>>> print(open('run27.cif').read())   # mmCIF, C-alpha atoms
data_entry
#
loop_
_atom_site.group_PDB
_atom_site.id
_atom_site.type_symbol
_atom_site.label_atom_id
_atom_site.label_comp_id
_atom_site.auth_asym_id
_atom_site.auth_seq_id
_atom_site.Cartn_x
_atom_site.Cartn_y
_atom_site.Cartn_z
ATOM 1 C CA MET A 5 32.476 18.487 17.502
ATOM 2 C CA ILE A 6 34.609 15.507 18.438
ATOM 3 C CA LYS A 7 35.259 12.544 16.179
ATOM 4 C CA GLU A 8 33.193 10.171 18.310
ATOM 5 C CA VAL A 9 30.108 12.331 17.771
ATOM 6 C CA VAL A 10 30.772 12.439 14.037
ATOM 7 C CA LEU A 11 31.108 8.656 13.949
ATOM 8 C CA GLN A 12 27.721 8.288 15.640
ATOM 9 C CA ILE A 13 26.208 10.652 13.085
ATOM 10 C CA ILE A 14 27.681 8.533 10.292
ATOM 11 C CA TYR A 15 26.325 5.329 11.862
ATOM 12 C CA GLN A 16 22.838 6.833 12.209
ATOM 13 C CA SER A 17 23.079 7.964 8.589
ATOM 14 C CA ILE A 18 23.998 4.426 7.558
ATOM 15 C CA ASP A 19 20.847 3.252 9.364
ATOM 16 C CA ASP A 20 18.844 5.779 7.327
ATOM 17 C CA LEU A 21 20.570 4.662 4.152
ATOM 18 C CA ASN A 22 19.859 1.009 4.873
ATOM 19 C CA ARG A 23 16.176 1.829 5.440
ATOM 20 C CA LEU A 24 16.025 3.886 2.229
ATOM 21 C CA ASN A 25 17.793 1.316 0.052
ATOM 22 C CA ASP A 26 16.865 -1.864 1.886
ATOM 23 C CA SER A 27 20.595 -2.522 2.195
ATOM 24 C CA GLU A 28 22.861 -3.876 4.954
ATOM 25 C CA VAL A 29 25.870 -1.587 5.055
ATOM 26 C CA THR A 30 27.835 -2.351 8.206
ATOM 27 C CA LYS A 31 28.614 0.275 10.829
ATOM 28 C CA THR A 32 32.314 0.020 11.626
ATOM 29 C CA PRO A 33 35.193 2.469 11.209
ATOM 30 C CA GLU A 34 36.699 0.053 8.706
ATOM 31 C CA THR A 35 33.627 -0.079 6.456
ATOM 32 C CA ARG A 36 34.887 0.788 2.984
ATOM 33 C CA LEU A 37 32.858 3.484 1.215
ATOM 34 C CA PHE A 38 34.899 4.207 -1.914
ATOM 35 C CA GLY A 39 37.260 2.270 -4.124
ATOM 36 C CA CYS A 40 37.313 -1.168 -5.689
ATOM 37 C CA ASP A 41 36.715 -2.933 -2.385
ATOM 38 C CA SER A 42 33.975 -0.636 -1.146
ATOM 39 C CA ASN A 43 30.924 -2.060 0.554
ATOM 40 C CA ILE A 44 28.510 0.337 -1.144
ATOM 41 C CA ASP A 45 27.907 1.466 -4.709
ATOM 42 C CA SER A 46 28.498 4.997 -5.931
ATOM 43 C CA LEU A 47 24.848 6.062 -5.749
ATOM 44 C CA ALA A 48 24.589 4.819 -2.176
ATOM 45 C CA LEU A 49 27.735 6.792 -1.331
ATOM 46 C CA VAL A 50 26.139 9.929 -2.785
ATOM 47 C CA ASN A 51 23.023 9.277 -0.705
ATOM 48 C CA LEU A 52 25.107 8.684 2.418
ATOM 49 C CA ILE A 53 27.080 11.894 2.005
ATOM 50 C CA VAL A 54 23.863 13.898 1.585
ATOM 51 C CA ILE A 55 22.329 12.331 4.705
ATOM 52 C CA VAL A 56 25.479 12.820 6.799
ATOM 53 C CA GLU A 57 25.863 16.422 5.668
ATOM 54 C CA LYS A 58 22.303 17.270 6.629
ATOM 55 C CA SER A 59 22.712 15.655 10.036
ATOM 56 C CA VAL A 60 26.007 17.385 10.768
ATOM 57 C CA ASN A 61 24.621 20.762 9.699
ATOM 58 C CA SER A 62 21.566 20.330 11.899
ATOM 59 C CA LEU A 63 23.819 19.839 14.939
ATOM 60 C CA SER A 64 26.652 22.187 14.180
ATOM 61 C CA SER A 65 26.509 25.970 14.111
ATOM 62 C CA LYS A 66 29.117 25.845 11.353
ATOM 63 C CA LYS A 67 27.563 24.684 8.096
ATOM 64 C CA ILE A 68 29.813 22.432 6.045
ATOM 65 C CA THR A 69 29.835 21.020 2.545
ATOM 66 C CA ILE A 70 31.376 17.575 2.601
ATOM 67 C CA ALA A 71 31.789 17.085 -1.151
ATOM 68 C CA ASP A 72 33.674 20.320 -1.719
ATOM 69 C CA ASP A 73 36.639 21.113 -3.965
ATOM 70 C CA LYS A 74 39.099 20.149 -1.238
ATOM 71 C CA ALA A 75 37.568 16.698 -0.789
ATOM 72 C CA MET A 76 37.366 16.011 -4.514
ATOM 73 C CA SER A 77 40.948 17.027 -5.217
ATOM 74 C CA GLN A 78 42.690 14.993 -2.534
ATOM 75 C CA THR A 79 44.996 12.217 -3.697
ATOM 76 C CA ARG A 80 43.724 9.975 -0.933
ATOM 77 C CA SER A 81 39.984 10.380 -0.894
ATOM 78 C CA PRO A 82 38.403 11.188 2.467
ATOM 79 C CA PHE A 83 35.507 8.970 1.404
ATOM 80 C CA ARG A 84 37.582 5.756 1.479
ATOM 81 C CA SER A 85 36.107 4.510 4.729
ATOM 82 C CA VAL A 86 33.836 5.483 7.578
ATOM 83 C CA ASP A 87 36.920 6.310 9.637
ATOM 84 C CA THR A 88 38.523 8.602 7.013
ATOM 85 C CA LEU A 89 35.151 10.277 6.431
ATOM 86 C CA ALA A 90 34.776 10.911 10.160
ATOM 87 C CA ASP A 91 38.287 12.396 10.296
ATOM 88 C CA TYR A 92 37.518 14.653 7.345
ATOM 89 C CA ILE A 93 34.210 15.891 8.714
ATOM 90 C CA THR A 94 35.683 16.491 12.167
ATOM 91 C CA GLY A 95 38.374 18.595 10.533
ATOM 92 C CA LEU A 96 35.821 20.589 8.530
ATOM 93 C CA VAL A 97 33.608 21.318 11.506
ATOM 94 C CA ASN A 98 36.488 22.359 13.734
ATOM 95 C CA GLU A 99 38.295 24.539 11.178
ATOM 96 C CA MET B 30 -2.838 14.098 3.552
ATOM 97 C CA SER B 31 -0.397 17.032 3.749
ATOM 98 C CA LYS B 32 -0.529 19.750 1.122
ATOM 99 C CA ARG B 33 1.875 19.650 -1.819
ATOM 100 C CA VAL B 34 4.856 21.966 -1.485
ATOM 101 C CA ILE B 35 5.869 23.599 -4.746
ATOM 102 C CA LEU B 36 8.999 25.703 -5.147
ATOM 103 C CA ILE B 37 8.998 28.176 -8.027
ATOM 104 C CA THR B 38 11.934 30.412 -8.909
ATOM 105 C CA GLY B 39 11.266 33.761 -10.504
ATOM 106 C CA SER B 40 7.811 33.868 -8.939
ATOM 107 C CA ARG B 41 7.348 37.635 -8.677
ATOM 108 C CA LYS B 42 6.039 38.220 -12.202
ATOM 109 C CA GLY B 43 5.323 36.699 -15.602
ATOM 110 C CA ILE B 44 5.138 32.938 -16.000
ATOM 111 C CA GLY B 45 6.367 32.300 -12.443
ATOM 112 C CA ARG B 46 3.661 34.527 -10.988
ATOM 113 C CA TYR B 47 0.969 32.841 -13.088
ATOM 114 C CA LEU B 48 2.082 29.359 -12.058
ATOM 115 C CA THR B 49 2.219 30.480 -8.424
ATOM 116 C CA GLU B 50 -1.348 31.759 -8.531
ATOM 117 C CA GLN B 51 -2.575 28.608 -10.259
ATOM 118 C CA TYR B 52 -1.077 26.345 -7.616
ATOM 119 C CA LEU B 53 -2.321 28.526 -4.766
ATOM 120 C CA SER B 54 -5.827 28.273 -6.224
ATOM 121 C CA GLN B 55 -5.422 24.497 -5.987
ATOM 122 C CA ASP B 56 -4.654 24.859 -2.263
ATOM 123 C CA ASP B 57 -0.997 23.926 -2.676
ATOM 124 C CA ILE B 58 1.735 25.531 -0.603
ATOM 125 C CA VAL B 59 3.951 27.620 -2.872
ATOM 126 C CA ILE B 60 7.400 28.878 -2.009
ATOM 127 C CA GLY B 61 8.628 31.487 -4.411
ATOM 128 C CA CYS B 62 11.791 33.453 -4.859
ATOM 129 C CA SER B 63 13.007 36.411 -6.861
ATOM 130 C CA ARG B 64 15.515 39.212 -6.629
ATOM 131 C CA SER B 65 12.860 41.583 -5.240
ATOM 132 C CA GLU B 66 9.990 41.414 -2.774
ATOM 133 C CA SER B 67 6.697 40.060 -4.022
ATOM 134 C CA ASP B 68 3.378 41.836 -3.607
ATOM 135 C CA LEU B 69 1.563 38.508 -3.493
ATOM 136 C CA GLU B 70 -0.155 37.918 -0.167
ATOM 137 C CA HIS B 71 -1.643 34.512 0.513
ATOM 138 C CA LYS B 72 -1.678 32.275 3.561
ATOM 139 C CA ASN B 73 -0.019 29.467 1.595
ATOM 140 C CA TYR B 74 2.606 31.615 -0.115
ATOM 141 C CA TYR B 75 6.142 32.120 1.201
ATOM 142 C CA HIS B 76 8.602 34.397 -0.537
ATOM 143 C CA TYR B 77 12.394 34.590 -0.469
ATOM 144 C CA CYS B 78 14.485 37.411 -1.916
ATOM 145 C CA LEU B 79 17.680 36.069 -3.421
ATOM 146 C CA ASP B 80 19.682 35.560 -6.582
ATOM 147 C CA VAL B 81 19.226 31.956 -7.694
ATOM 148 C CA ASP B 82 22.993 31.547 -8.126
ATOM 149 C CA ASP B 83 23.799 32.784 -4.591
ATOM 150 C CA GLU B 84 24.723 29.442 -3.030
ATOM 151 C CA GLU B 85 24.838 30.664 0.561
ATOM 152 C CA LYS B 86 21.362 32.220 0.426
ATOM 153 C CA VAL B 87 19.940 29.300 -1.536
ATOM 154 C CA LEU B 88 21.282 26.778 0.983
ATOM 155 C CA GLU B 89 19.816 28.803 3.847
ATOM 156 C CA MET B 90 16.456 28.949 2.066
ATOM 157 C CA PHE B 91 16.443 25.176 1.626
ATOM 158 C CA ARG B 92 17.326 24.687 5.300
ATOM 159 C CA GLN B 93 14.367 26.808 6.318
ATOM 160 C CA ILE B 94 12.001 25.044 3.920
ATOM 161 C CA ASP B 95 13.191 21.655 5.154
ATOM 162 C CA ASN B 96 12.707 22.655 8.788
ATOM 163 C CA GLU B 97 9.227 24.063 8.139
ATOM 164 C CA PHE B 98 7.792 21.530 5.689
ATOM 165 C CA SER B 99 10.259 18.589 5.531
ATOM 166 C CA HIS B 100 9.237 17.864 1.940
ATOM 167 C CA ILE B 101 9.184 19.530 -1.458
ATOM 168 C CA ASP B 102 7.097 17.876 -4.161
ATOM 169 C CA ILE B 103 7.794 20.015 -7.207
ATOM 170 C CA LEU B 104 10.541 22.423 -8.273
ATOM 171 C CA ILE B 105 9.919 24.740 -11.217
ATOM 172 C CA ASN B 106 13.161 26.397 -12.326
ATOM 173 C CA ASN B 107 11.440 29.308 -14.019
ATOM 174 C CA ALA B 108 13.864 32.128 -13.178
ATOM 175 C CA GLY B 109 15.768 33.242 -16.234
ATOM 176 C CA VAL B 110 17.198 36.297 -17.948
ATOM 177 C CA ALA B 111 17.889 37.152 -21.549
ATOM 178 C CA SER B 112 19.531 39.947 -23.489
ATOM 179 C CA MET B 113 18.977 40.349 -27.206
ATOM 180 C CA ASN B 114 22.205 41.548 -28.798
ATOM 181 C CA HIS B 115 24.611 40.500 -31.493
ATOM 182 C CA SER B 116 27.396 38.478 -29.904
ATOM 183 C CA LEU B 117 30.013 40.951 -31.126
ATOM 184 C CA LEU B 118 28.342 43.609 -29.011
ATOM 185 C CA THR B 119 27.602 41.482 -25.932
ATOM 186 C CA PRO B 120 29.585 42.543 -22.853
ATOM 187 C CA ILE B 121 31.129 39.796 -20.759
ATOM 188 C CA SER B 122 29.154 41.033 -17.752
ATOM 189 C CA THR B 123 25.971 40.120 -19.647
ATOM 190 C CA VAL B 124 27.419 36.695 -20.434
ATOM 191 C CA HIS B 125 28.143 36.093 -16.744
ATOM 192 C CA LYS B 126 24.711 37.300 -15.685
ATOM 193 C CA ILE B 127 22.864 35.045 -18.133
ATOM 194 C CA LEU B 128 24.954 31.952 -17.438
ATOM 195 C CA ASN B 129 24.836 32.499 -13.671
ATOM 196 C CA THR B 130 21.085 32.955 -13.463
ATOM 197 C CA ASN B 131 20.009 30.464 -16.077
ATOM 198 C CA VAL B 132 22.523 27.632 -15.766
ATOM 199 C CA ILE B 133 23.994 27.902 -12.293
ATOM 200 C CA GLY B 134 20.644 28.812 -10.770
ATOM 201 C CA THR B 135 18.952 25.814 -12.389
ATOM 202 C CA PHE B 136 21.771 23.487 -11.345
ATOM 203 C CA LEU B 137 21.908 24.740 -7.761
ATOM 204 C CA PHE B 138 18.190 24.474 -7.162
ATOM 205 C CA SER B 139 18.021 21.048 -8.818
ATOM 206 C CA ARG B 140 20.846 19.773 -6.661
ATOM 207 C CA GLU B 141 19.481 21.076 -3.385
ATOM 208 C CA VAL B 142 15.868 20.084 -3.992
ATOM 209 C CA THR B 143 16.862 16.532 -4.872
ATOM 210 C CA LYS B 144 18.609 16.182 -1.507
ATOM 211 C CA VAL B 145 15.156 16.731 0.006
ATOM 212 C CA MET B 146 13.158 14.758 -2.561
ATOM 213 C CA MET B 147 15.384 11.672 -2.395
ATOM 214 C CA ARG B 148 14.424 11.085 1.223
ATOM 215 C CA VAL B 149 10.917 10.122 0.152
ATOM 216 C CA LYS B 150 11.973 8.846 -3.293
ATOM 217 C CA TYR B 151 9.594 11.264 -5.028
ATOM 218 C CA GLY B 152 9.914 14.556 -6.826
ATOM 219 C CA ARG B 153 9.281 16.513 -9.997
ATOM 220 C CA ILE B 154 11.702 19.045 -11.451
ATOM 221 C CA ILE B 155 10.689 21.244 -14.368
ATOM 222 C CA ASN B 156 13.322 23.300 -16.144
ATOM 223 C CA PHE B 157 12.811 25.997 -18.739
ATOM 224 C CA SER B 158 14.435 25.980 -22.153
ATOM 225 C CA THR B 159 13.211 27.874 -25.234
ATOM 226 C CA VAL B 160 12.319 27.337 -28.891
ATOM 227 C CA ALA B 161 15.251 29.676 -29.586
ATOM 228 C CA VAL B 162 17.549 26.667 -29.080
ATOM 229 C CA PRO B 163 16.383 24.558 -32.064
ATOM 230 C CA LEU B 164 15.714 27.734 -34.071
ATOM 231 C CA LYS B 165 19.249 28.946 -33.319
ATOM 232 C CA LEU B 166 17.920 32.416 -32.892
ATOM 233 C CA GLU B 167 20.323 35.130 -33.975
ATOM 234 C CA GLY B 168 20.723 37.874 -31.430
ATOM 235 C CA GLU B 169 20.332 35.479 -28.521
ATOM 236 C CA ALA B 170 23.644 33.611 -28.650
ATOM 237 C CA ILE B 171 24.327 33.445 -24.920
ATOM 238 C CA TYR B 172 20.681 33.037 -23.984
ATOM 239 C CA THR B 173 20.272 30.074 -26.345
ATOM 240 C CA ALA B 174 23.612 28.647 -25.211
ATOM 241 C CA SER B 175 22.465 28.836 -21.593
ATOM 242 C CA LYS B 176 19.173 27.141 -22.452
ATOM 243 C CA ALA B 177 20.981 24.454 -24.491
ATOM 244 C CA ALA B 178 23.015 23.826 -21.345
ATOM 245 C CA ILE B 179 19.786 23.501 -19.380
ATOM 246 C CA GLU B 180 18.492 20.945 -21.889
ATOM 247 C CA SER B 181 21.655 18.879 -21.489
ATOM 248 C CA LEU B 182 21.472 19.282 -17.717
ATOM 249 C CA THR B 183 17.841 18.146 -17.761
ATOM 250 C CA GLN B 184 18.707 14.979 -19.649
ATOM 251 C CA THR B 185 21.716 14.095 -17.520
ATOM 252 C CA LEU B 186 20.048 14.871 -14.189
ATOM 253 C CA ALA B 187 17.088 12.760 -15.308
ATOM 254 C CA LYS B 188 19.458 9.797 -15.458
ATOM 255 C CA GLU B 189 21.237 10.644 -12.180
ATOM 256 C CA TYR B 190 18.042 11.183 -10.217
ATOM 257 C CA ALA B 191 15.890 8.398 -11.689
ATOM 258 C CA LEU B 192 16.667 5.872 -8.965
ATOM 259 C CA MET B 193 15.819 8.532 -6.383
ATOM 260 C CA GLY B 194 12.272 8.762 -7.729
ATOM 261 C CA VAL B 195 12.796 12.254 -9.134
ATOM 262 C CA THR B 196 11.815 13.061 -12.722
ATOM 263 C CA VAL B 197 13.471 15.963 -14.533
ATOM 264 C CA ASN B 198 11.909 17.454 -17.662
ATOM 265 C CA ALA B 199 11.999 20.747 -19.484
ATOM 266 C CA ILE B 200 9.462 22.874 -21.248
ATOM 267 C CA ALA B 201 10.637 25.061 -24.137
ATOM 268 C CA PRO B 202 8.138 27.854 -24.704
ATOM 269 C CA THR B 203 7.702 30.116 -27.692
ATOM 270 C CA PRO B 204 7.742 33.847 -27.014
ATOM 271 C CA ILE B 205 5.133 34.798 -24.443
ATOM 272 C CA LYS B 206 4.192 38.360 -23.588
ATOM 273 C CA THR B 207 6.372 38.883 -20.496
ATOM 274 C CA ASP B 208 9.131 41.269 -19.470
ATOM 275 C CA LEU B 209 11.643 38.848 -20.965
ATOM 276 C CA ILE B 210 10.685 39.938 -24.504
ATOM 277 C CA LYS B 211 9.604 43.517 -23.834
ATOM 278 C CA ASN B 212 12.750 44.899 -25.487
ATOM 279 C CA VAL B 213 12.621 42.567 -28.490
ATOM 280 C CA PRO B 214 11.448 44.421 -31.605
ATOM 281 C CA ASP B 215 7.982 43.432 -32.844
ATOM 282 C CA ASN B 216 9.312 42.434 -36.245
ATOM 283 C CA LYS B 217 11.725 39.978 -34.630
ATOM 284 C CA ILE B 218 8.875 38.403 -32.689
ATOM 285 C CA ARG B 219 6.802 38.149 -35.867
ATOM 286 C CA GLU B 220 9.695 36.522 -37.730
ATOM 287 C CA LEU B 221 10.085 33.920 -35.019
ATOM 288 C CA VAL B 222 6.350 33.187 -34.855
ATOM 289 C CA GLU B 223 6.412 32.622 -38.643
ATOM 290 C CA ARG B 224 8.881 29.787 -38.086
ATOM 291 C CA LEU B 225 6.484 27.891 -35.821
ATOM 292 C CA SER B 226 3.995 25.292 -37.023
ATOM 293 C CA ILE B 227 1.302 26.963 -34.950
ATOM 294 C CA LYS B 228 1.870 30.585 -35.700
ATOM 295 C CA ARG B 229 1.000 32.479 -32.563
ATOM 296 C CA LEU B 230 2.525 33.657 -29.315
ATOM 297 C CA GLY B 231 2.305 31.285 -26.425
ATOM 298 C CA THR B 232 0.158 31.944 -23.378
ATOM 299 C CA TYR B 233 0.516 31.284 -19.677
ATOM 300 C CA GLU B 234 -2.170 28.634 -20.032
ATOM 301 C CA ASP B 235 -0.043 26.810 -22.627
ATOM 302 C CA ILE B 236 2.805 26.629 -20.114
ATOM 303 C CA PHE B 237 0.650 25.514 -17.237
ATOM 304 C CA ASN B 238 -0.909 22.791 -19.381
ATOM 305 C CA VAL B 239 2.467 21.137 -19.947
ATOM 306 C CA VAL B 240 3.856 21.754 -16.471
ATOM 307 C CA GLU B 241 0.725 20.316 -14.889
ATOM 308 C CA PHE B 242 1.017 17.160 -17.023
ATOM 309 C CA LEU B 243 4.715 16.625 -16.305
ATOM 310 C CA THR B 244 4.319 17.126 -12.561
ATOM 311 C CA ARG B 245 1.409 14.744 -12.067
ATOM 312 C CA VAL B 246 2.032 11.717 -9.862
ATOM 313 C CA GLU B 247 0.997 9.591 -12.874
ATOM 314 C CA SER B 248 3.820 11.085 -14.975
ATOM 315 C CA ASN B 249 6.408 9.006 -13.141
ATOM 316 C CA PHE B 250 7.543 7.288 -16.352
ATOM 317 C CA ILE B 251 8.397 10.536 -18.144
ATOM 318 C CA THR B 252 11.834 11.974 -17.565
ATOM 319 C CA GLY B 253 14.648 13.621 -19.492
ATOM 320 C CA GLN B 254 12.241 15.118 -22.012
ATOM 321 C CA ILE B 255 12.274 18.561 -23.619
ATOM 322 C CA ILE B 256 8.816 19.649 -24.765
ATOM 323 C CA TYR B 257 8.862 22.419 -27.340
ATOM 324 C CA LEU B 258 5.721 24.476 -27.760
ATOM 325 C CA GLY B 259 4.395 25.839 -31.041
ATOM 326 C CA GLY B 260 5.440 22.821 -33.115
ATOM 327 C CA VAL B 261 9.127 23.566 -33.618
#
>>> encode(input="run27.cif", output="structure tokens")
Amino acid sequence: MIKEVVLQIIYQSIDDLNRLNDSEVTKTPETRLFGCDSNIDSLALVNLIVIVEKSVNSLSSKKITIADDKAMSQTRSPFRSVDTLADYITGLVNE
Amino acid sequence: MSKRVILITGSRKGIGRYLTEQYLSQDDIVIGCSRSESDLEHKNYYHYCLDVDDEEKVLEMFRQIDNEFSHIDILINNAGVASMNHSLLTPISTVHKILNTNVIGTFLFSREVTKVMMRVKYGRIINFSTVAVPLKLEGEAIYTASKAAIESLTQTLAKEYALMGVTVNAIAPTPIKTDLIKNVPDNKIRELVERLSIKRLGTYEDIFNVVEFLTRVESNFITGQIIYLGGV
């Protein structure tokens, strides 16, 4: 699965999140997801990760867990932005 | 209106079997699981054979349920094991088995079901504790520790899942005549019953009464509660 596909999955998931939470999270690679300048709160990030994971797993023959030990233990979190999340997921799927 | 979908762990026998049959009689769809096959045949009953702490099999089960039904209304984390023994004589394999089934199983199912429930901002999770926790029942050190963990888990998950529309509560039964207590000596059961305000064994109906109340749509303002039976 290429990164562009993963980005589209993340954007569709953001649409779902915005519908669920009545929010207006923007869909750009630079959208911050985690950290003091993030555009979404922690609960919304949890929701987003769950939605993205389900979508990726429905399209990929390899089933992934996004919030795994590797993700949680990294010094630079893969959840910092849409772009870093897309990189991380692409890596997981193509491992 | 689509039928309710109710997921019950440990559905093959005992309390889980009783709850399954009650919900089927109400025309609900019931998905059950246990380590062995079930002999229950019903058009609205679906059975999975797995260990509740087997993440891979549990995730696959949830994928199939999601694909088939796309919603789960109620989860009843009934599956549990116990082993009456003095702690000095309790093998570590027993410790692992009890903690894995009771705590990890409850956690895993709660986590995965909420991923489904949060999409519609509605769900009911019922966990099982025991009166052995407040009674600090000797001979059940790991069992009571595992159920104390479930009580804490219930209260914390209730807070984490509240904004997702999911309530999480626990029922803590007294001894009930099931396989779980078949190896407990009669005198031990009698001693425990003597410590209750209402001095009798519990029944399946007692359990269903509380579970039914906590899982009602109207019970949306009740979460994080542990309901002990028998007046402990």
>>> interface_residues(input="run27.cif", of="chain A", to="chain B", cutoff="10 Å", atoms="all atoms listed in the file", output="list in words")
Asp20, Leu21, Leu24, Asn25, Leu47, Val50, Asn51, Val54, Ile55, Lys58, Asn61, Ser62 and Lys67 of chain A
>>> write_last_selection(input="run27.cif", atoms="C-alpha atoms", output="CSV table (one decimal), in the coordinates of the input")
chain,number,residue,atom,x,y,z
A,20,ASP,CA,18.8,5.8,7.3
A,21,LEU,CA,20.6,4.7,4.2
A,24,LEU,CA,16.0,3.9,2.2
A,25,ASN,CA,17.8,1.3,0.1
A,47,LEU,CA,24.8,6.1,-5.7
A,50,VAL,CA,26.1,9.9,-2.8
A,51,ASN,CA,23.0,9.3,-0.7
A,54,VAL,CA,23.9,13.9,1.6
A,55,ILE,CA,22.3,12.3,4.7
A,58,LYS,CA,22.3,17.3,6.6
A,61,ASN,CA,24.6,20.8,9.7
A,62,SER,CA,21.6,20.3,11.9
A,67,LYS,CA,27.6,24.7,8.1
>>> residues_around(input="run27.cif", residues="A:Glu28", least_positions_apart="3", cutoff="10 Å", atoms="all atoms listed in the file", output="PDB file with C-alpha atoms, keeping the file's coordinate frame")
ATOM      1  CA  ILE A  18      23.998   4.426   7.558  1.00  0.00           C
ATOM      2  CA  ASP A  19      20.847   3.252   9.364  1.00  0.00           C
ATOM      3  CA  LEU A  21      20.570   4.662   4.152  1.00  0.00           C
ATOM      4  CA  ASN A  22      19.859   1.009   4.873  1.00  0.00           C
ATOM      5  CA  ARG A  23      16.176   1.829   5.440  1.00  0.00           C
ATOM      6  CA  ASN A  25      17.793   1.316   0.052  1.00  0.00           C
ATOM      7  CA  LYS A  31      28.614   0.275  10.829  1.00  0.00           C
ATOM      8  CA  ASN A  43      30.924  -2.060   0.554  1.00  0.00           C
ATOM      9  CA  ILE A  44      28.510   0.337  -1.144  1.00  0.00           C
TER      10      ILE A  44
END
>>> atom_distance(input="run27.cif", atom1="atom CA of A:Leu52", atom2="atom CA of B:Thr185")
20.9 Å
>>> resolve_selection(input="run27.cif", expression="the PyMOL selection byres ((chain B and resi 152-158) around 8)", output="VMD selection string")
chain B and resid 101 to 107 135 139 143 146 to 147 150 to 151 159 to 160 162 176 to 177 179 to 180 183 194 to 202 240 243 to 244 255
>>> resolve_selection(input="run27.cif", expression="the PyMOL selection byres ((chain B and resi 109) around 9)", output="PDB file with C-alpha atoms, in the frame of the given file")
ATOM      1  CA  THR B  38      11.934  30.412  -8.909  1.00  0.00           C
ATOM      2  CA  GLY B  39      11.266  33.761 -10.504  1.00  0.00           C
ATOM      3  CA  ASN B 106      13.161  26.397 -12.326  1.00  0.00           C
ATOM      4  CA  ASN B 107      11.440  29.308 -14.019  1.00  0.00           C
ATOM      5  CA  ALA B 108      13.864  32.128 -13.178  1.00  0.00           C
ATOM      6  CA  VAL B 110      17.198  36.297 -17.948  1.00  0.00           C
ATOM      7  CA  ALA B 111      17.889  37.152 -21.549  1.00  0.00           C
ATOM      8  CA  ILE B 127      22.864  35.045 -18.133  1.00  0.00           C
ATOM      9  CA  THR B 130      21.085  32.955 -13.463  1.00  0.00           C
ATOM     10  CA  ASN B 131      20.009  30.464 -16.077  1.00  0.00           C
ATOM     11  CA  VAL B 132      22.523  27.632 -15.766  1.00  0.00           C
ATOM     12  CA  GLY B 134      20.644  28.812 -10.770  1.00  0.00           C
ATOM     13  CA  THR B 135      18.952  25.814 -12.389  1.00  0.00           C
ATOM     14  CA  PHE B 157      12.811  25.997 -18.739  1.00  0.00           C
ATOM     15  CA  LEU B 209      11.643  38.848 -20.965  1.00  0.00           C
TER      16      LEU B 209
END
>>> resolve_selection(input="run27.cif", expression="the PyMOL selection byres ((chain B and resi 76) around 7)", output="list of chain:residue names")
B:Ile60, B:Gly61, B:Cys62, B:Ser67, B:Tyr74, B:Tyr75, B:Tyr77, B:Cys78
>>> closest_residue(input="run27.cif", among="A:Met5, A:Glu34, A:Ile93, A:Val86", to="A:Ser64", atoms="all atoms listed in the file")
A:Met5
>>> atom_distance(input="run27.cif", atom1="atom CA of B:Asp95", atom2="atom CA of B:Leu36")
11.8 Å
>>> atom_distance(input="run27.cif", atom1="atom CA of B:Glu169", atom2="atom CA of B:Val142")
29.3 Å
>>> closest_residue(input="run27.cif", among="B:Leu137, B:Glu70, B:Glu97, B:Gln184", to="B:Gly253", atoms="all atoms listed in the file")
B:Gln184
>>> build_atoms(input="run27.cif", residues="stretch 201-211 of chain B", atoms="N, CA and C atoms", output="PDB file, keeping the file's coordinate frame")
ATOM      1  N   ALA B 201       9.966  24.053 -23.313  1.00  0.00           N
ATOM      2  CA  ALA B 201      10.637  25.061 -24.137  1.00  0.00           C
ATOM      3  C   ALA B 201       9.577  25.918 -24.808  1.00  0.00           C
ATOM      4  N   PRO B 202       9.227  27.033 -24.172  1.00  0.00           N
ATOM      5  CA  PRO B 202       8.138  27.854 -24.704  1.00  0.00           C
ATOM      6  C   PRO B 202       8.548  28.660 -25.935  1.00  0.00           C
ATOM      7  N   THR B 203       7.563  29.091 -26.662  1.00  0.00           N
ATOM      8  CA  THR B 203       7.702  30.116 -27.692  1.00  0.00           C
ATOM      9  C   THR B 203       7.709  31.463 -26.977  1.00  0.00           C
ATOM     10  N   PRO B 204       7.898  32.551 -27.680  1.00  0.00           N
ATOM     11  CA  PRO B 204       7.742  33.847 -27.014  1.00  0.00           C
ATOM     12  C   PRO B 204       6.355  33.976 -26.384  1.00  0.00           C
ATOM     13  N   ILE B 205       6.379  34.523 -25.183  1.00  0.00           N
ATOM     14  CA  ILE B 205       5.133  34.798 -24.443  1.00  0.00           C
ATOM     15  C   ILE B 205       5.250  36.225 -23.976  1.00  0.00           C
ATOM     16  N   LYS B 206       4.140  36.929 -23.928  1.00  0.00           N
ATOM     17  CA  LYS B 206       4.192  38.360 -23.588  1.00  0.00           C
ATOM     18  C   LYS B 206       4.568  38.557 -22.114  1.00  0.00           C
ATOM     19  N   THR B 207       5.882  38.594 -21.854  1.00  0.00           N
ATOM     20  CA  THR B 207       6.372  38.883 -20.496  1.00  0.00           C
ATOM     21  C   THR B 207       7.488  39.911 -20.611  1.00  0.00           C
ATOM     22  N   ASP B 208       8.029  40.301 -19.461  1.00  0.00           N
ATOM     23  CA  ASP B 208       9.131  41.269 -19.470  1.00  0.00           C
ATOM     24  C   ASP B 208      10.353  40.741 -20.215  1.00  0.00           C
ATOM     25  N   LEU B 209      10.455  39.428 -20.333  1.00  0.00           N
ATOM     26  CA  LEU B 209      11.643  38.848 -20.965  1.00  0.00           C
ATOM     27  C   LEU B 209      11.775  39.308 -22.415  1.00  0.00           C
ATOM     28  N   ILE B 210      10.607  39.554 -23.088  1.00  0.00           N
ATOM     29  CA  ILE B 210      10.685  39.938 -24.504  1.00  0.00           C
ATOM     30  C   ILE B 210      10.275  41.384 -24.728  1.00  0.00           C
ATOM     31  N   LYS B 211      10.144  42.156 -23.645  1.00  0.00           N
ATOM     32  CA  LYS B 211       9.604  43.517 -23.834  1.00  0.00           C
ATOM     33  C   LYS B 211      10.520  44.399 -24.684  1.00  0.00           C
TER      34      LYS B 211
END
